[in-house]
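One structure is given below, encoded as structure tokens.
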Amino acid sequence: MYKSKTCGELTAQDAGKTVTLAGWVHRRRDHGGLIFIDLRDRFGVTQIVFNPQTAPAAHRVGSDARNEYVLQATGVVAKRPAGQENPALATGEIEVYVTDAQILNAAKAPPFVINKNEDVDDSLRLTYRYLDLRRERMQQNLILRHKVIKFMRDWLDAHGFIEIETPILTKSTPEGARDYLVPSRVHPGEFYALPQSPQQFKQLLMVAGYERYFQIARCMRDEDLRADRQPEFTQLDLEMAFVEQEDVLNLVEALFTDLVHTLAPERTMQTPWPRMTYDQALARYGSDKPDLRFGMELTDVSDLAASSEFAVFKNALRAGGQVKGVRLPGCAEYSRRELDALVDLAKTKAAKGAVTIALKADGVHSSASKHMTPQEQQAYVERLGGQSGDLMIFVADSHAVVAAALGALRKEMGARLKLADPNALALGWVIDFPMFEWNAEEKRWDAAHHPFTSPKPEDMALLDTDPGAVRANSYDMVCNGYELASGSIRIHNRELQAKIFSLLNIDAERQRLRFGHMLEAFEFGAPPHGGMAPGIDRFVAILRNEDNIREVMAFPKNQWAQDLMMHAPSDVDADQLKLLHLEIAPPKP
RNA sequence: GGGGGCGUGGUGUAGUUGGCCUAACACGCGGCCCUGUCAAGGCCGAGAUCGCGGGUUCGAAACCCGUCGCUCCCGCCA
């Protein structure tokens, strides 16, 4: 070993001991005579002192050292002189008087500052990720990530779960996200797919009788990136047999509640977690992943609109839609330009427009004042509980568009007005998702969750008459405006599974080709089962108050799915392509 | 595929109603001085044709057009 102690463990108790430390030069303070170096390793920082009188050879080493040099130093632990302690440092009671030192490796000046948490251009950080990872922020993020995963493993183990690995090379299932494909050398023209999730494997493990499975599972989806979406990400994938929805929810809630209490006790969390149906979430917050850290709920004003002469409102109602509004406290003085920006935000969610009513000191000011009397405007204000100085914004459209538009406004304004308590973890459940979503482009029903989700027994009759009204035994875990997990009770009956496939426009032949193994497995004594899959990257990011899941991944991709450090993706040798029976088509002009 | 933001020494920023910019500040880097610092301090120094290309102008870091890169968002994400 190059070291007898780490840079994070020495205390006054160790005074007098001779120790050897090894690490990186975090900072160096050269007084001409004495040189102080803050030596850093993964465990902490320790001040080592070079004295030209008592150890001239070692002092020359300290003199040559520069930031990020790799250093080994042997010396005697000493309590610092009275008044020289550094309370900001865990090892601040002591220092090490170096008697012998050597440079294990020199270092160029790094392309960005490592010993300060200063913002640096993301692409530079990603190019030199191994340097970025030395910085305290990333180190803390990855250490917490480790603790979270360790906690999950231990907790699930203690609750009778076993961890089972499932294949990375598997079969493409074109429904859902785009697959990453891997060409087969042995089978010309055929491909493996990287898993979007271990969904089918974990269900088959239930058929196999393992009853309680989990996996820290890597999932890959070839879709465009966002701050909370990387092409590969990690889920705590779990599945249980002989359970109902309530059992899964209770178990996951207990796991995460214990986890937060243990690893983030300073964070506030409402227990038990609030639950709401999908319909309630959309009605109250305009989102199926509402940020529950603040109120600012949507208010239905359809009844007021019904008795008004305002054509935009009336027409929306006549078409079966609704009119709802949201109150933005203290925003009455927004400029025309700012109001337009809010309306534009609503329009990005397919709203045709939005009506604003500002309650200023001299009364109501509305963008629809030509179409509404002041009395009408006042009625809307009162319905929303508007106070002087508030801005109200209304959207009239279908239920879905109203929710999307006002939900986007609520999210944006919640952030802008800093309504969310940054210390809160607003964990909650959204249940009773619809079974199907109408895909207007393809003119067919798509599975809202995935095709293995079971419908609610009481809605079974609607499968034949009104698929859009069927609710699923599916549920999401939400936190601070993120979808942290999705899950469902699965289908375990062959006939029902085949019926759902058919409803999803997958004919018998494609069912046999793509899902024959699942249908067949259900004929061999498949138990009732269900589970879910919390996203670990998103959860750790929330715990660390990071806005981008890159910050909690060691080697993430940039927005265009490139690894700037490894330079992936990259072209490959012609020989490799030949072996894989591939030819590259010339790019389109 | 679309929209917004950003791009100035190694890093982070200032400068952007065109002229005082022969581009400023902090950190970093190099040298010298300095025995109790911990964001050490002091002195000196090197380092940027302002992402790239074109244009307008007597004059462009700044204005216009194009382009590239990064980033956030929409679409997309069973």
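Naming works like this for the structure tokens: A, B, ... for the chains as they're shown, residue 1 at the start of each chain, ligands 1 onward in shown order.
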Who sits within 9 Å of stretch 496-500 of chain A, only C-alpha atoms (C1' of nucleotides), same chain under 4 positions skipped, as JSON, numbers by chain
{"A": [447, 451, 452, 453, 454, 463, 491, 492, 504, 505, 506, 508, 511, 518, 519, 522]}
What's around A:His371 at 10 Å? Count only C-alpha atoms (C1' of nucleotides), leave out sequence neighbours fewer than 2 positions away in its own chain, and write the answer as a PyMOL selection string.
chain A and resi 308-312+366-369+373-374+376-377
Determine which residues of stretch 374-514 of chain A receive a DSSP assignment of strand (DSSP E or B), computed from the backbone, and state them as number ranges by chain.
A: 391-397, 424, 427-431, 434, 436-439, 444-447, 453, 455, 471-472, 474-479, 482-490
Residues of chain B no more than 10 Å from chain A, counting only C-alpha atoms (C1' of nucleotides): send them over as an NGL selection string.
:B and (3 or 10-12 or 27-29 or 33-41 or 69-78)
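With only C-alpha atoms as the atoms that count, the residue of A:Arg275, A:Arg318, A:His529, A:Arg125 with the shortest distance to A:Ile431 is A:Arg275.
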For stretch 289-303 of chain A, find every residue with an atom within 7 Å (counting only C-alpha atoms (C1' of nucleotides)), except residues of its own chain fewer than 4 positions away, and show them as a PyMOL selection string.
chain A and resi 281+283-285+307+322-327+384+410+419-421+424+426+478-483
Show which residues sit within 10 Å of B:A61, as number ranges by chain. Count only C-alpha atoms (C1' of nucleotides), and ignore same-chain residues fewer than 4 positions away.
B: 8, 15-16, 21, 23, 50
Tell me, as a PDB file with N, CA, C and O atoms, in the first residue's frame, which residues lie within 7 Å of stretch 132-148 of chain A, counting only C-alpha atoms (C1' of nucleotides); anything in the same chain fewer than 2 positions away does not count.
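Contents of around.pdb, freshly written:
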ATOM      1  N   ILE A 114     -10.170  22.556 -10.192  1.00  0.00           N
ATOM      2  CA  ILE A 114     -10.651  21.354  -9.525  1.00  0.00           C
ATOM      3  C   ILE A 114     -10.946  21.611  -8.049  1.00  0.00           C
ATOM      4  O   ILE A 114     -11.866  21.036  -7.489  1.00  0.00           O
ATOM      5  N   ASN A 115     -10.207  22.514  -7.440  1.00  0.00           N
ATOM      6  CA  ASN A 115     -10.377  22.713  -5.996  1.00  0.00           C
ATOM      7  C   ASN A 115     -11.428  23.760  -5.644  1.00  0.00           C
ATOM      8  O   ASN A 115     -11.528  24.185  -4.504  1.00  0.00           O
ATOM      9  N   ASN A 117     -15.720  24.829  -6.515  1.00  0.00           N
ATOM     10  CA  ASN A 117     -16.957  24.435  -7.179  1.00  0.00           C
ATOM     11  C   ASN A 117     -17.457  25.577  -8.047  1.00  0.00           C
ATOM     12  O   ASN A 117     -18.453  26.214  -7.755  1.00  0.00           O
ATOM     13  N   ARG A 125     -16.328  19.895 -19.205  1.00  0.00           N
ATOM     14  CA  ARG A 125     -16.406  18.940 -18.098  1.00  0.00           C
ATOM     15  C   ARG A 125     -16.525  17.510 -18.611  1.00  0.00           C
ATOM     16  O   ARG A 125     -15.906  16.595 -18.079  1.00  0.00           O
ATOM     17  N   TYR A 128     -13.227  16.180 -20.177  1.00  0.00           N
ATOM     18  CA  TYR A 128     -12.274  15.791 -19.127  1.00  0.00           C
ATOM     19  C   TYR A 128     -13.044  15.273 -17.918  1.00  0.00           C
ATOM     20  O   TYR A 128     -12.851  15.740 -16.803  1.00  0.00           O
ATOM     21  N   ARG A 129     -13.920  14.326 -18.148  1.00  0.00           N
ATOM     22  CA  ARG A 129     -14.792  13.867 -17.071  1.00  0.00           C
ATOM     23  C   ARG A 129     -13.989  13.333 -15.888  1.00  0.00           C
ATOM     24  O   ARG A 129     -14.369  13.510 -14.737  1.00  0.00           O
ATOM     25  N   TYR A 130     -12.852  12.692 -16.179  1.00  0.00           N
ATOM     26  CA  TYR A 130     -12.045  12.135 -15.078  1.00  0.00           C
ATOM     27  C   TYR A 130     -11.510  13.243 -14.173  1.00  0.00           C
ATOM     28  O   TYR A 130     -11.212  12.984 -13.007  1.00  0.00           O
ATOM     29  N   LYS A 150     -26.912   1.068  -2.280  1.00  0.00           N
ATOM     30  CA  LYS A 150     -26.591   0.124  -1.201  1.00  0.00           C
ATOM     31  C   LYS A 150     -27.777  -0.044  -0.257  1.00  0.00           C
ATOM     32  O   LYS A 150     -28.120  -1.151   0.156  1.00  0.00           O
ATOM     33  N   PHE A 151     -28.422   1.083   0.053  1.00  0.00           N
ATOM     34  CA  PHE A 151     -29.583   1.028   0.940  1.00  0.00           C
ATOM     35  C   PHE A 151     -30.689   0.184   0.313  1.00  0.00           C
ATOM     36  O   PHE A 151     -31.317  -0.652   0.971  1.00  0.00           O
ATOM     37  N   MET A 152     -30.927   0.418  -0.966  1.00  0.00           N
ATOM     38  CA  MET A 152     -31.982  -0.340  -1.659  1.00  0.00           C
ATOM     39  C   MET A 152     -31.674  -1.834  -1.631  1.00  0.00           C
ATOM     40  O   MET A 152     -32.558  -2.650  -1.347  1.00  0.00           O
ATOM     41  N   VAL A 540     -31.681  10.390  -7.200  1.00  0.00           N
ATOM     42  CA  VAL A 540     -30.445  10.910  -6.605  1.00  0.00           C
ATOM     43  C   VAL A 540     -30.268  12.377  -6.984  1.00  0.00           C
ATOM     44  O   VAL A 540     -29.843  13.196  -6.157  1.00  0.00           O
ATOM     45  N   ARG A 544     -29.882  15.522  -4.381  1.00  0.00           N
ATOM     46  CA  ARG A 544     -28.722  16.410  -4.393  1.00  0.00           C
ATOM     47  C   ARG A 544     -29.070  17.781  -4.951  1.00  0.00           C
ATOM     48  O   ARG A 544     -28.162  18.589  -5.194  1.00  0.00           O
ATOM     49  N   GLU A 551     -25.440  14.980 -13.661  1.00  0.00           N
ATOM     50  CA  GLU A 551     -24.643  15.308 -12.477  1.00  0.00           C
ATOM     51  C   GLU A 551     -24.554  14.157 -11.490  1.00  0.00           C
ATOM     52  O   GLU A 551     -23.787  14.227 -10.525  1.00  0.00           O
ATOM     53  N   VAL A 552     -25.364  13.147 -11.661  1.00  0.00           N
ATOM     54  CA  VAL A 552     -25.285  12.006 -10.743  1.00  0.00           C
ATOM     55  C   VAL A 552     -24.873  10.732 -11.485  1.00  0.00           C
ATOM     56  O   VAL A 552     -25.014   9.635 -10.963  1.00  0.00           O
TER      57      VAL A 552
END
In stretch 109-204 of chain A, DSSP alpha helix (DSSP H) residues written as number ranges by chain
A: 122-127, 129-132, 136-158, 199-204
From atom C1' of B:G31 to atom CA of A:Thr46 the spacing works out at 28.5 Å
